[in-house]
Each structure stands twice: as structure tokens, then as C-alpha cells.
>>> print(open('query.pdb').read())   # PDB, C-alpha atoms, pLDDT in the B column
ATOM      1  CA  MET A 188      23.533 -52.089   4.167  1.00 50.00           C
ATOM      2  CA  THR A 189      23.203 -48.775   5.880  1.00 54.00           C
ATOM      3  CA  GLU A 190      20.342 -48.724   8.338  1.00 53.00           C
ATOM      4  CA  PRO A 191      17.764 -46.000   7.710  1.00 54.00           C
ATOM      5  CA  ALA A 192      17.960 -43.023  10.026  1.00 54.00           C
ATOM      6  CA  HIS A 193      15.470 -43.082  12.833  1.00 56.00           C
ATOM      7  CA  PRO A 194      12.742 -40.464  12.430  1.00 61.00           C
ATOM      8  CA  HIS A 195      12.647 -37.698  14.994  1.00 65.00           C
ATOM      9  CA  SER A 196      10.247 -38.150  17.873  1.00 77.00           C
ATOM     10  CA  ASP A 197       7.436 -35.666  18.380  1.00 78.00           C
ATOM     11  CA  ARG A 198       9.352 -34.151  21.306  1.00 79.00           C
ATOM     12  CA  GLU A 199      12.481 -33.716  19.187  1.00 79.00           C
ATOM     13  CA  LEU A 200      10.462 -32.069  16.437  1.00 79.00           C
ATOM     14  CA  GLU A 201       8.936 -29.681  18.958  1.00 80.00           C
ATOM     15  CA  LEU A 202      12.385 -28.762  20.259  1.00 80.00           C
ATOM     16  CA  LEU A 203      13.693 -28.225  16.738  1.00 80.00           C
ATOM     17  CA  ALA A 204      10.706 -26.061  15.853  1.00 80.00           C
ATOM     18  CA  ALA A 205      11.118 -24.021  19.055  1.00 78.00           C
ATOM     19  CA  ALA A 206      14.832 -23.518  18.408  1.00 82.00           C
ATOM     20  CA  ARG A 207      14.138 -22.494  14.821  1.00 82.00           C
ATOM     21  CA  THR A 208      11.453 -20.046  15.937  1.00 80.00           C
ATOM     22  CA  ALA A 209      13.805 -18.545  18.530  1.00 81.00           C
ATOM     23  CA  ASP A 210      16.504 -18.111  15.885  1.00 81.00           C
ATOM     24  CA  LEU A 211      14.082 -16.396  13.507  1.00 81.00           C
ATOM     25  CA  THR A 212      12.760 -14.128  16.263  1.00 80.00           C
ATOM     26  CA  GLU A 213      16.297 -13.111  17.214  1.00 82.00           C
ATOM     27  CA  MET A 214      17.204 -12.432  13.585  1.00 82.00           C
ATOM     28  CA  LEU A 215      14.039 -10.402  13.069  1.00 79.00           C
ATOM     29  CA  ALA A 216      14.770  -8.349  16.196  1.00 78.00           C
ATOM     30  CA  TYR A 217      18.306  -7.715  14.963  1.00 81.00           C
ATOM     31  CA  LEU A 218      17.097  -6.597  11.526  1.00 83.00           C
ATOM     32  CA  ALA A 219      14.457  -4.342  13.102  1.00 80.00           C
ATOM     33  CA  SER A 220      17.095  -2.760  15.358  1.00 81.00           C
ATOM     34  CA  CYS A 221      19.339  -2.143  12.349  1.00 84.00           C
ATOM     35  CA  TRP A 222      16.387  -0.603  10.525  1.00 79.00           C
ATOM     36  CA  ASP A 223      15.680   1.679  13.486  1.00 83.00           C
ATOM     37  CA  GLU A 224      19.313   2.766  13.612  1.00 83.00           C
ATOM     38  CA  GLU A 225      19.345   3.529   9.886  1.00 87.00           C
ATOM     39  CA  LYS A 226      16.221   5.650  10.277  1.00 84.00           C
ATOM     40  CA  ARG A 227      17.757   7.468  13.246  1.00 82.00           C
ATOM     41  CA  LEU A 228      20.905   8.278  11.293  1.00 85.00           C
ATOM     42  CA  LEU A 229      18.908   9.424   8.253  1.00 87.00           C
ATOM     43  CA  ALA A 230      16.753  11.692  10.420  1.00 82.00           C
ATOM     44  CA  ARG A 231      19.885  13.160  11.974  1.00 84.00           C
ATOM     45  CA  ARG A 232      21.375  13.847   8.519  1.00 86.00           C
ATOM     46  CA  LEU A 233      18.171  15.556   7.416  1.00 86.00           C
ATOM     47  CA  HIS A 234      18.304  17.723  10.525  1.00 83.00           C
ATOM     48  CA  ASP A 235      21.991  18.575  10.397  1.00 84.00           C
ATOM     49  CA  SER A 236      22.315  19.086   6.654  1.00 85.00           C
ATOM     50  CA  LEU A 237      19.043  19.937   4.967  1.00 85.00           C
ATOM     51  CA  GLY A 238      17.446  21.540   7.997  1.00 83.00           C
ATOM     52  CA  SER A 239      20.354  23.863   8.735  1.00 84.00           C
ATOM     53  CA  SER A 240      20.702  24.770   5.043  1.00 89.00           C
ATOM     54  CA  MET A 241      17.020  25.698   4.783  1.00 89.00           C
ATOM     55  CA  THR A 242      17.254  27.813   7.927  1.00 87.00           C
ATOM     56  CA  ALA A 243      20.301  29.613   6.518  1.00 90.00           C
ATOM     57  CA  LEU A 244      18.492  30.253   3.225  1.00 90.00           C
ATOM     58  CA  THR A 245      15.557  31.735   5.127  1.00 90.00           C
ATOM     59  CA  MET A 246      17.890  34.130   6.912  1.00 91.00           C
ATOM     60  CA  HIS A 247      19.608  35.156   3.673  1.00 91.00           C
ATOM     61  CA  LEU A 248      16.257  35.707   1.982  1.00 91.00           C
ATOM     62  CA  ALA A 249      15.096  37.898   4.861  1.00 90.00           C
ATOM     63  CA  LEU A 250      18.235  40.042   4.526  1.00 91.00           C
ATOM     64  CA  LEU A 251      17.803  40.365   0.769  1.00 90.00           C
ATOM     65  CA  SER A 252      14.118  41.251   1.164  1.00 90.00           C
ATOM     66  CA  GLN A 253      15.066  44.214   3.323  1.00 90.00           C
ATOM     67  CA  HIS A 254      16.835  45.783   0.325  1.00 90.00           C
ATOM     68  CA  ILE A 255      13.893  45.479  -2.073  1.00 90.00           C
ATOM     69  CA  PRO A 256      12.407  48.949  -2.679  1.00 91.00           C
ATOM     70  CA  PRO A 257       8.838  49.307  -1.369  1.00 88.00           C
ATOM     71  CA  GLU A 258       7.625  50.385  -4.816  1.00 90.00           C
ATOM     72  CA  ASN A 259       8.916  47.174  -6.437  1.00 91.00           C
ATOM     73  CA  LYS A 260       5.782  45.123  -5.782  1.00 90.00           C
ATOM     74  CA  ALA A 261       6.705  42.330  -8.206  1.00 91.00           C
ATOM     75  CA  MET A 262       9.980  41.631  -6.406  1.00 91.00           C
ATOM     76  CA  ARG A 263       8.343  41.827  -2.992  1.00 90.00           C
ATOM     77  CA  ASP A 264       5.653  39.369  -4.087  1.00 91.00           C
ATOM     78  CA  ARG A 265       8.327  37.034  -5.482  1.00 92.00           C
ATOM     79  CA  SER A 266      10.245  37.287  -2.198  1.00 91.00           C
ATOM     80  CA  ALA A 267       7.105  36.445  -0.216  1.00 91.00           C
ATOM     81  CA  GLN A 268       6.486  33.409  -2.440  1.00 93.00           C
ATOM     82  CA  MET A 269      10.051  32.196  -1.927  1.00 92.00           C
ATOM     83  CA  LYS A 270       9.714  32.665   1.831  1.00 92.00           C
ATOM     84  CA  GLN A 271       6.512  30.606   1.851  1.00 92.00           C
ATOM     85  CA  LEU A 272       8.126  27.890  -0.265  1.00 92.00           C
ATOM     86  CA  LEU A 273      11.071  27.645   2.115  1.00 91.00           C
ATOM     87  CA  ALA A 274       8.725  27.478   5.087  1.00 91.00           C
ATOM     88  CA  THR A 275       6.855  24.605   3.409  1.00 91.00           C
ATOM     89  CA  ILE A 276      10.096  22.720   2.716  1.00 90.00           C
ATOM     90  CA  ILE A 277      11.262  23.207   6.312  1.00 89.00           C
ATOM     91  CA  GLU A 278       7.950  21.896   7.669  1.00 88.00           C
ATOM     92  CA  THR A 279       8.006  18.915   5.291  1.00 89.00           C
ATOM     93  CA  ASN A 280      11.564  18.138   6.360  1.00 87.00           C
ATOM     94  CA  ARG A 281      10.536  18.345  10.024  1.00 84.00           C
ATOM     95  CA  LYS A 282       7.667  15.900   9.473  1.00 84.00           C
ATOM     96  CA  MET A 283       9.935  13.497   7.598  1.00 86.00           C
ATOM     97  CA  GLN A 284      12.433  13.572  10.442  1.00 83.00           C
ATOM     98  CA  LEU A 285       9.684  12.873  12.979  1.00 80.00           C
ATOM     99  CA  GLU A 286       8.312   9.958  10.962  1.00 82.00           C
ATOM    100  CA  LEU A 287      11.784   8.464  10.728  1.00 83.00           C
ATOM    101  CA  TRP A 288      12.856   9.042  14.318  1.00 79.00           C
ATOM    102  CA  ASN A 289      11.385  10.850  17.313  1.00 81.00           C
ATOM    103  CA  ASP A 290      14.208  12.854  18.892  1.00 80.00           C
ATOM    104  CA  LYS A 291      12.156  13.402  22.027  1.00 83.00           C
ATOM    105  CA  LEU A 292      12.305   9.659  22.669  1.00 85.00           C
ATOM    106  CA  GLU A 293      16.088   9.697  22.623  1.00 80.00           C
ATOM    107  CA  PHE A 294      16.727  12.929  24.502  1.00 83.00           C
ATOM    108  CA  LEU A 295      13.677  13.368  26.750  1.00 85.00           C
ATOM    109  CA  GLY A 296      12.245   9.862  27.071  1.00 90.00           C
ATOM    110  CA  LEU A 297       9.119   7.902  26.194  1.00 92.00           C
ATOM    111  CA  HIS A 298       6.829  10.112  28.282  1.00 92.00           C
ATOM    112  CA  ALA A 299       7.722  13.253  26.301  1.00 91.00           C
ATOM    113  CA  ALA A 300       7.566  11.432  22.964  1.00 92.00           C
ATOM    114  CA  LEU A 301       4.046  10.109  23.611  1.00 95.00           C
ATOM    115  CA  ALA A 302       2.878  13.441  25.036  1.00 94.00           C
ATOM    116  CA  GLU A 303       3.798  15.056  21.710  1.00 92.00           C
ATOM    117  CA  LEU A 304       2.827  12.237  19.349  1.00 93.00           C
ATOM    118  CA  VAL A 305      -0.728  11.525  20.496  1.00 96.00           C
ATOM    119  CA  PRO A 306      -2.319  15.010  20.348  1.00 95.00           C
ATOM    120  CA  ALA A 307      -0.381  15.860  17.176  1.00 93.00           C
ATOM    121  CA  PHE A 308      -1.743  12.725  15.480  1.00 94.00           C
ATOM    122  CA  GLY A 309      -5.263  13.587  16.566  1.00 95.00           C
ATOM    123  CA  ALA A 310      -4.998  17.146  15.254  1.00 94.00           C
ATOM    124  CA  GLU A 311      -3.596  15.966  11.911  1.00 92.00           C
ATOM    125  CA  HIS A 312      -6.204  13.241  11.354  1.00 92.00           C
ATOM    126  CA  GLY A 313      -9.245  14.987  12.793  1.00 94.00           C
ATOM    127  CA  LEU A 314      -9.945  12.736  15.772  1.00 94.00           C
ATOM    128  CA  THR A 315      -9.847  13.120  19.544  1.00 96.00           C
ATOM    129  CA  ALA A 316      -6.604  11.548  20.763  1.00 97.00           C
ATOM    130  CA  ARG A 317      -5.766  11.432  24.461  1.00 97.00           C
ATOM    131  CA  ALA A 318      -2.612  10.289  26.243  1.00 96.00           C
ATOM    132  CA  SER A 319      -2.758   8.954  29.806  1.00 96.00           C
ATOM    133  CA  LEU A 320       0.804   8.791  31.131  1.00 95.00           C
ATOM    134  CA  PRO A 321       2.517   8.245  34.503  1.00 91.00           C
ATOM    135  CA  ASP A 322       3.547  11.369  36.383  1.00 85.00           C
ATOM    136  CA  GLU A 323       7.196  10.443  35.995  1.00 81.00           C
ATOM    137  CA  ASP A 324       8.984   8.884  33.069  1.00 79.00           C
ATOM    138  CA  GLY A 325      10.466   5.445  33.643  1.00 80.00           C
ATOM    139  CA  HIS A 326      13.967   4.495  32.637  1.00 82.00           C
ATOM    140  CA  TYR A 327      13.699   2.244  29.617  1.00 87.00           C
ATOM    141  CA  SER A 328      16.311   0.927  27.259  1.00 87.00           C
ATOM    142  CA  ARG A 329      16.360   2.457  23.784  1.00 86.00           C
ATOM    143  CA  THR A 330      14.931  -0.740  22.333  1.00 88.00           C
ATOM    144  CA  GLN A 331      12.061  -0.800  24.823  1.00 92.00           C
ATOM    145  CA  GLY A 332      11.271   2.854  24.168  1.00 92.00           C
ATOM    146  CA  VAL A 333      11.345   2.403  20.392  1.00 92.00           C
ATOM    147  CA  VAL A 334       9.114  -0.684  20.457  1.00 93.00           C
ATOM    148  CA  LEU A 335       6.571   0.944  22.788  1.00 95.00           C
ATOM    149  CA  LEU A 336       6.503   4.083  20.649  1.00 94.00           C
ATOM    150  CA  ARG A 337       6.072   1.991  17.490  1.00 92.00           C
ATOM    151  CA  CYS A 338       3.146   0.231  19.173  1.00 95.00           C
ATOM    152  CA  ALA A 339       1.507   3.589  19.875  1.00 96.00           C
ATOM    153  CA  GLU A 340       2.068   4.680  16.263  1.00 93.00           C
ATOM    154  CA  GLU A 341       0.645   1.423  14.890  1.00 93.00           C
ATOM    155  CA  GLY A 342      -2.405   1.623  17.139  1.00 94.00           C
ATOM    156  CA  LEU A 343      -3.077   5.229  16.179  1.00 95.00           C
ATOM    157  CA  ARG A 344      -2.745   4.482  12.461  1.00 93.00           C
ATOM    158  CA  ASN A 345      -5.061   1.487  12.705  1.00 91.00           C
ATOM    159  CA  ALA A 346      -7.640   3.500  14.666  1.00 93.00           C
ATOM    160  CA  SER A 347      -7.696   6.222  12.022  1.00 91.00           C
ATOM    161  CA  THR A 348      -7.253   4.224   8.812  1.00 88.00           C
ATOM    162  CA  HIS A 349      -8.928   0.869   9.435  1.00 83.00           C
ATOM    163  CA  GLY A 350     -11.105   1.466  12.475  1.00 81.00           C
ATOM    164  CA  LYS A 351     -12.512   4.801  11.270  1.00 88.00           C
ATOM    165  CA  ALA A 352     -12.469   5.866  14.915  1.00 92.00           C
ATOM    166  CA  SER A 353     -13.350   9.331  16.197  1.00 94.00           C
ATOM    167  CA  GLU A 354     -11.678   8.850  19.589  1.00 96.00           C
ATOM    168  CA  VAL A 355      -8.536   7.024  20.662  1.00 96.00           C
ATOM    169  CA  ASP A 356      -6.738   6.706  23.991  1.00 97.00           C
ATOM    170  CA  VAL A 357      -3.083   5.822  24.489  1.00 97.00           C
ATOM    171  CA  ILE A 358      -2.393   4.616  28.027  1.00 97.00           C
ATOM    172  CA  LEU A 359       1.012   3.887  29.519  1.00 96.00           C
ATOM    173  CA  ASP A 360       1.171   1.944  32.806  1.00 94.00           C
ATOM    174  CA  ASP A 361       4.306   0.988  34.731  1.00 91.00           C
ATOM    175  CA  ASP A 362       4.093  -0.933  38.004  1.00 88.00           C
ATOM    176  CA  GLY A 363       7.853  -1.305  38.406  1.00 85.00           C
ATOM    177  CA  GLU A 364       7.868  -4.911  37.205  1.00 90.00           C
ATOM    178  CA  GLN A 365       6.367  -4.492  33.766  1.00 93.00           C
ATOM    179  CA  VAL A 366       5.356  -1.681  31.444  1.00 95.00           C
ATOM    180  CA  MET A 367       2.115  -1.845  29.485  1.00 96.00           C
ATOM    181  CA  LEU A 368       1.061   0.364  26.596  1.00 97.00           C
ATOM    182  CA  THR A 369      -2.569   0.239  25.486  1.00 97.00           C
ATOM    183  CA  VAL A 370      -4.160   1.878  22.453  1.00 97.00           C
ATOM    184  CA  ARG A 371      -7.957   1.840  22.667  1.00 95.00           C
ATOM    185  CA  ASP A 372     -10.382   3.339  20.133  1.00 95.00           C
ATOM    186  CA  ASN A 373     -14.118   3.599  19.450  1.00 94.00           C
ATOM    187  CA  GLY A 374     -13.898   2.473  15.841  1.00 91.00           C
ATOM    188  CA  LEU A 375     -15.180  -0.533  13.965  1.00 86.00           C
ATOM    189  CA  GLY A 376     -12.909  -2.998  15.743  1.00 82.00           C
ATOM    190  CA  PRO A 377     -11.265  -6.106  14.279  1.00 81.00           C
ATOM    191  CA  HIS A 378     -13.545  -8.871  13.038  1.00 75.00           C
ATOM    192  CA  ASP A 379     -10.946 -11.607  13.540  1.00 69.00           C
ATOM    193  CA  CYS A 380      -8.251 -10.661  16.070  1.00 68.00           C
ATOM    194  CA  ASP A 381      -6.196 -13.834  15.668  1.00 65.00           C
ATOM    195  CA  GLY A 382      -6.444 -13.615  11.911  1.00 62.00           C
ATOM    196  CA  ALA A 383      -5.375  -9.977  11.917  1.00 64.00           C
ATOM    197  CA  MET A 384      -2.283 -10.771  13.980  1.00 66.00           C
ATOM    198  CA  SER A 385      -1.225 -13.555  11.603  1.00 61.00           C
ATOM    199  CA  SER A 386      -2.379 -12.046   8.308  1.00 60.00           C
ATOM    200  CA  LEU A 387       0.316 -11.570   5.704  1.00 50.00           C
ATOM    201  CA  ASP A 388      -1.144  -8.112   5.058  1.00 60.00           C
ATOM    202  CA  CYS A 389      -0.565  -6.917   8.666  1.00 71.00           C
ATOM    203  CA  HIS A 390       3.209  -6.619   8.560  1.00 79.00           C
ATOM    204  CA  GLY A 391       3.274  -3.876  11.201  1.00 81.00           C
ATOM    205  CA  LEU A 392       1.409  -5.929  13.793  1.00 88.00           C
ATOM    206  CA  ARG A 393       3.395  -9.086  13.069  1.00 87.00           C
ATOM    207  CA  LEU A 394       6.700  -7.264  13.384  1.00 88.00           C
ATOM    208  CA  LEU A 395       5.621  -5.652  16.653  1.00 91.00           C
ATOM    209  CA  ARG A 396       4.536  -9.028  18.010  1.00 91.00           C
ATOM    210  CA  GLU A 397       7.899 -10.602  17.271  1.00 90.00           C
ATOM    211  CA  ARG A 398       9.794  -7.646  18.744  1.00 91.00           C
ATOM    212  CA  ALA A 399       7.712  -7.899  21.906  1.00 93.00           C
ATOM    213  CA  ARG A 400       8.436 -11.623  22.133  1.00 91.00           C
ATOM    214  CA  TYR A 401      12.144 -11.011  21.752  1.00 90.00           C
ATOM    215  CA  LEU A 402      12.008  -8.613  24.706  1.00 92.00           C
ATOM    216  CA  GLY A 403      10.176 -11.192  26.796  1.00 92.00           C
ATOM    217  CA  GLY A 404       6.750  -9.596  26.396  1.00 94.00           C
ATOM    218  CA  GLU A 405       3.654  -9.929  24.271  1.00 95.00           C
ATOM    219  CA  LEU A 406       1.384  -8.012  21.920  1.00 95.00           C
ATOM    220  CA  VAL A 407      -2.379  -8.583  22.070  1.00 94.00           C
ATOM    221  CA  LEU A 408      -5.096  -7.358  19.706  1.00 93.00           C
ATOM    222  CA  ALA A 409      -8.676  -7.623  20.937  1.00 92.00           C
ATOM    223  CA  ARG A 410     -12.088  -6.033  20.670  1.00 90.00           C
ATOM    224  CA  GLY A 411     -12.828  -3.467  23.348  1.00 86.00           C
ATOM    225  CA  GLU A 412     -15.566  -4.107  25.895  1.00 83.00           C
ATOM    226  CA  SER A 413     -17.738  -1.416  24.295  1.00 81.00           C
ATOM    227  CA  GLY A 414     -16.518  -2.023  20.739  1.00 84.00           C
ATOM    228  CA  GLY A 415     -13.544  -0.709  18.867  1.00 91.00           C
ATOM    229  CA  ALA A 416     -10.049  -2.136  18.930  1.00 93.00           C
ATOM    230  CA  LEU A 417      -7.669  -2.640  21.827  1.00 94.00           C
ATOM    231  CA  LEU A 418      -3.978  -3.076  21.077  1.00 96.00           C
ATOM    232  CA  ARG A 419      -1.820  -3.793  24.120  1.00 96.00           C
ATOM    233  CA  MET A 420       1.909  -4.392  24.445  1.00 97.00           C
ATOM    234  CA  THR A 421       3.339  -5.667  27.712  1.00 97.00           C
ATOM    235  CA  LEU A 422       7.081  -5.811  28.357  1.00 96.00           C
ATOM    236  CA  PRO A 423       8.983  -6.888  31.468  1.00 94.00           C
ATOM    237  CA  ARG A 424      10.612  -3.968  33.263  1.00 83.00           C
ATOM    238  CA  GLU A 425      14.002  -5.603  32.757  1.00 66.00           C
ATOM    239  CA  ALA A 426      14.297  -6.463  29.065  1.00 47.00           C
ATOM    240  CA  GLN A 427      16.117  -9.557  27.873  1.00 44.00           C
ATOM    241  CA  ALA A 428      17.963  -7.466  25.319  1.00 40.00           C
ATOM    242  CA  ALA A 429      18.827  -3.762  25.156  1.00 42.00           C
TER     243      ALA A 429
END
>>> encode(input="query.pdb", output="C-alpha cells")
Amino acid sequence: MTEPAHPHSDRELELLAAARTADLTEMLAYLASCWDEEKRLLARRLHDSLGSSMTALTMHLALLSQHIPPENKAMRDRSAQMKQLLATIIETNRKMQLELWNDKLEFLGLHAALAELVPAFGAEHGLTARASLPDEDGHYSRTQGVVLLRCAEEGLRNASTHGKASEVDVILDDDGEQVMLTVRDNGLGPHDCDGAMSSLDCHGLRLLRERARYLGGELVLARGESGGALLRMTLPREAQAA
């Protein structure tokens, strides 16, 4: 008779679980990187194709408008309406590109991307948003920059949508060994920080946490000392993966 297989020891089960978790984290990081790259390529296509076409149409419309007789008010009004419509489409396209991929991150660095993102978010959502950044931009891998920027975006969205905050601060610190991005608001604050980080409804936070882990760092959600929420991502200065 064949002897029954020996059950795994607790230590073996722990090792298997750790290996499985590491595999899933690596796969998730790979899928997230592919997703980021797809968004970057789509934003570039929108810029190169649709954006340039809309700009060309605006120029053609301006030339045609010059030949409309001053007494033809109906045509001049129609031209003005078309010009406004094109301007709206161009602005919508610009916002879509920015939501998909921040070109400043790629070409000018994380410092420039945050300097633009934070006040623009505050102006759009009617809250006071401040960015506290180092004097000089650090040299981060693309993956580090993307993950840190995504953390800022997630913190800002949560402050506005869930926290109902009126003020939010985005702080970037870099001591040469690790980089830390903190989003702090004066809103309602999370009732259950651990539950929020593991909730099936908080896909953005869970994804950020796993991406931080893959890069050797961590993501923490806590209540601020004076209330509100505090979202902090810490990454080692030298990432495990680029």
C-alpha cells in the first residue's frame, strides 16, 4: 500500500504562502506596469493625432473667418460657435491626456509633475491644495515616479471625494536613502484604516500598496494627529525593480 503523504509543517506552509504572495505581487506589478505603458501610448496618440488635427482645424477656421463679410452676422456667429466648440474639444483632449499620462513626469521629472498636479487639482475641486517639494528634483526610475505620482493622485481624490476636505497638503521628502510622499488632509478621516487598506472596494489603495511592496517600500493609511487622513508611501532610494 502506498503510504499517505506527510502533511506540510507549519514552517513549510508559511514558506509556500510567502512564495505565493511574492509571485502574485510580482505579477500584479507587471500588469500595473503594462497598464501604465498602455496609458502612456494612448495619451501620446491622442496628442499626436487628435491634438494636432484639432489645432490644424482651428487654424483653418481662423483663416476662413477672415473672409466672412462683416455684414454677414449669421455666418460670423456660426464661425464663433465652431471656434468655441473646437476650443472645448481641445481642452477635453488635453485633460484626457493628463489623466492617462503626465508628460511632465516623463520629460521634466516628479517635481514638475507634482508642482502642476496639486494646485490644478485644488482649483478644479474647490479646495486649498499645497505642494511641499525639495528644492531639486531627485533622479527616480520611471516606475518609482509613476507610483509616487499615483499615490499623490489617489490621496487627492480621497481627500476631495471621501474625506470632504477643504485643505490638503502633498509633501515629498528625499533624504538620499529613501523617498517619502505624504498626502495629508483636514477631512473626515478614515474610520478603520486597516479595513480601508484591505477592503475590496478600495482597489486604488490596494494596488498602490502592492506596487510599493514590489519596489521594497510600503504604503500606510492613518488618521492625522489633528484629524483627517494621512496617506504615506515610502520607497527605498534604490528600487528593487525599474
>>> resolve_selection(input="query.pdb", expression="the PyMOL selection byres ((chain A and resi 362) around 12)", output="JSON, numbers by chain")
{"A": [321, 323, 325, 359, 360, 361, 363, 364, 365, 366, 367, 368, 421, 422, 423, 424]}
>>> write_last_selection(input="query.pdb", atoms="C-alpha atoms", output="PDB file, keeping the file's coordinate frame")
ATOM      1  CA  PRO A 321       2.517   8.245  34.503  1.00 91.00           C
ATOM      2  CA  GLU A 323       7.196  10.443  35.995  1.00 81.00           C
ATOM      3  CA  GLY A 325      10.466   5.445  33.643  1.00 80.00           C
ATOM      4  CA  LEU A 359       1.012   3.887  29.519  1.00 96.00           C
ATOM      5  CA  ASP A 360       1.171   1.944  32.806  1.00 94.00           C
ATOM      6  CA  ASP A 361       4.306   0.988  34.731  1.00 91.00           C
ATOM      7  CA  GLY A 363       7.853  -1.305  38.406  1.00 85.00           C
ATOM      8  CA  GLU A 364       7.868  -4.911  37.205  1.00 90.00           C
ATOM      9  CA  GLN A 365       6.367  -4.492  33.766  1.00 93.00           C
ATOM     10  CA  VAL A 366       5.356  -1.681  31.444  1.00 95.00           C
ATOM     11  CA  MET A 367       2.115  -1.845  29.485  1.00 96.00           C
ATOM     12  CA  LEU A 368       1.061   0.364  26.596  1.00 97.00           C
ATOM     13  CA  THR A 421       3.339  -5.667  27.712  1.00 97.00           C
ATOM     14  CA  LEU A 422       7.081  -5.811  28.357  1.00 96.00           C
ATOM     15  CA  PRO A 423       8.983  -6.888  31.468  1.00 94.00           C
ATOM     16  CA  ARG A 424      10.612  -3.968  33.263  1.00 83.00           C
TER      17      ARG A 424
END
>>> closest_residue(input="query.pdb", among="A:Gly411, A:Gly238, A:Pro306, A:Gly376", to="Met283 of chain A", atoms="all atoms listed in the file")
A:Gly238
>>> residues_around(input="query.pdb", residues="Ala346 of chain A", least_positions_apart="2", cutoff="9 Å", atoms="only C-alpha atoms", output="PyMOL selection string")
chain A and resi 341-344+348-355+370-376+415-416
>>> closest_residue(input="query.pdb", among="A:Cys338, A:Asp322, A:Gly332, A:Asp356", to="Gly309 of chain A", atoms="all atoms listed in the file")
A:Asp356
>>> residues_around(input="query.pdb", residues="Ala299 of chain A", least_positions_apart="6", cutoff="9 Å", atoms="only C-alpha atoms", output="PDB file with C-alpha atoms, in the frame of the given file")
ATOM      1  CA  LYS A 291      12.156  13.402  22.027  1.00 83.00           C
ATOM      2  CA  LEU A 292      12.305   9.659  22.669  1.00 85.00           C
ATOM      3  CA  ASP A 324       8.984   8.884  33.069  1.00 79.00           C
TER       4      ASP A 324
END
>>> residues_around(input="query.pdb", residues="Glu303 of chain A", least_positions_apart="5", cutoff="10 Å", atoms="only C-alpha atoms", output="PyMOL selection string")
chain A and resi 289+291+297-298+308+318
>>> closest_residue(input="query.pdb", among="A:Leu273, A:Ala399, A:Ala316, A:Cys389", to="Leu335 of chain A", atoms="only C-alpha atoms")
A:Ala399
>>> residues_around(input="query.pdb", residues="Leu248 of chain A", least_positions_apart="6", cutoff="9 Å", atoms="all atoms listed in the file", output="PDB file with C-alpha atoms, in the coordinates of the input")
ATOM      1  CA  SER A 266      10.245  37.287  -2.198  1.00 91.00           C
ATOM      2  CA  MET A 269      10.051  32.196  -1.927  1.00 92.00           C
ATOM      3  CA  LYS A 270       9.714  32.665   1.831  1.00 92.00           C
TER       4      LYS A 270
END
>>> resolve_selection(input="query.pdb", expression="the PyMOL selection byres ((chain A and resi 330) around 12)", output="JSON, numbers by chain")
{"A": [216, 217, 219, 220, 221, 222, 223, 224, 292, 293, 296, 297, 326, 327, 328, 329, 331, 332, 333, 334, 335, 336, 337, 395, 398, 399, 401, 402, 422, 425, 426, 427, 428, 429]}
>>> atom_distance(input="query.pdb", atom1="atom CA of Ala230 of chain A", atom2="atom CA of Ala307 of chain A")
18.9 Å
>>> closest_residue(input="query.pdb", among="A:Glu258, A:Leu406, A:Val357, A:Glu201", to="Ser319 of chain A", atoms="only C-alpha atoms")
A:Val357
>>> atom_distance(input="query.pdb", atom1="atom CA of Ile276 of chain A", atom2="atom CA of Val305 of chain A")
23.6 Å
>>> build_atoms(input="query.pdb", residues="segment 323-334 of chain A", atoms="N, CA, C and O atoms", output="PDB file, in the frame of the given file")
ATOM      1  N   GLU A 323       5.763  10.423  36.252  1.00 81.00           N
ATOM      2  CA  GLU A 323       7.196  10.443  35.995  1.00 81.00           C
ATOM      3  C   GLU A 323       7.552   9.426  34.925  1.00 81.00           C
ATOM      4  O   GLU A 323       6.940   8.360  34.829  1.00 81.00           O
ATOM      5  N   ASP A 324       8.546   9.783  34.135  1.00 79.00           N
ATOM      6  CA  ASP A 324       8.984   8.884  33.069  1.00 79.00           C
ATOM      7  C   ASP A 324       9.856   7.785  33.656  1.00 79.00           C
ATOM      8  O   ASP A 324      10.708   8.039  34.510  1.00 79.00           O
ATOM      9  N   GLY A 325       9.625   6.553  33.205  1.00 80.00           N
ATOM     10  CA  GLY A 325      10.466   5.445  33.643  1.00 80.00           C
ATOM     11  C   GLY A 325      11.762   5.412  32.853  1.00 80.00           C
ATOM     12  O   GLY A 325      11.923   6.096  31.840  1.00 80.00           O
ATOM     13  N   HIS A 326      12.688   4.635  33.324  1.00 82.00           N
ATOM     14  CA  HIS A 326      13.967   4.495  32.637  1.00 82.00           C
ATOM     15  C   HIS A 326      13.928   3.210  31.819  1.00 82.00           C
ATOM     16  O   HIS A 326      13.991   2.109  32.362  1.00 82.00           O
ATOM     17  N   TYR A 327      13.789   3.385  30.520  1.00 87.00           N
ATOM     18  CA  TYR A 327      13.699   2.244  29.617  1.00 87.00           C
ATOM     19  C   TYR A 327      14.908   2.223  28.696  1.00 87.00           C
ATOM     20  O   TYR A 327      15.488   3.266  28.384  1.00 87.00           O
ATOM     21  N   SER A 328      15.255   1.024  28.252  1.00 87.00           N
ATOM     22  CA  SER A 328      16.311   0.927  27.259  1.00 87.00           C
ATOM     23  C   SER A 328      15.820   1.551  25.955  1.00 87.00           C
ATOM     24  O   SER A 328      14.609   1.737  25.754  1.00 87.00           O
ATOM     25  N   ARG A 329      16.755   1.883  25.069  1.00 86.00           N
ATOM     26  CA  ARG A 329      16.360   2.457  23.784  1.00 86.00           C
ATOM     27  C   ARG A 329      15.432   1.511  23.034  1.00 86.00           C
ATOM     28  O   ARG A 329      14.416   1.945  22.480  1.00 86.00           O
ATOM     29  N   THR A 330      15.749   0.228  23.055  1.00 88.00           N
ATOM     30  CA  THR A 330      14.931  -0.740  22.333  1.00 88.00           C
ATOM     31  C   THR A 330      13.521  -0.788  22.891  1.00 88.00           C
ATOM     32  O   THR A 330      12.544  -0.821  22.141  1.00 88.00           O
ATOM     33  N   GLN A 331      13.393  -0.803  24.225  1.00 92.00           N
ATOM     34  CA  GLN A 331      12.061  -0.800  24.823  1.00 92.00           C
ATOM     35  C   GLN A 331      11.287   0.444  24.407  1.00 92.00           C
ATOM     36  O   GLN A 331      10.115   0.364  24.027  1.00 92.00           O
ATOM     37  N   GLY A 332      11.937   1.602  24.521  1.00 92.00           N
ATOM     38  CA  GLY A 332      11.271   2.854  24.168  1.00 92.00           C
ATOM     39  C   GLY A 332      10.814   2.877  22.720  1.00 92.00           C
ATOM     40  O   GLY A 332       9.695   3.297  22.413  1.00 92.00           O
ATOM     41  N   VAL A 333      11.684   2.416  21.815  1.00 92.00           N
ATOM     42  CA  VAL A 333      11.345   2.403  20.392  1.00 92.00           C
ATOM     43  C   VAL A 333      10.157   1.484  20.126  1.00 92.00           C
ATOM     44  O   VAL A 333       9.212   1.846  19.417  1.00 92.00           O
ATOM     45  N   VAL A 334      10.177   0.284  20.708  1.00 93.00           N
ATOM     46  CA  VAL A 334       9.114  -0.684  20.457  1.00 93.00           C
ATOM     47  C   VAL A 334       7.779  -0.183  21.019  1.00 93.00           C
ATOM     48  O   VAL A 334       6.732  -0.313  20.371  1.00 93.00           O
TER      49      VAL A 334
END
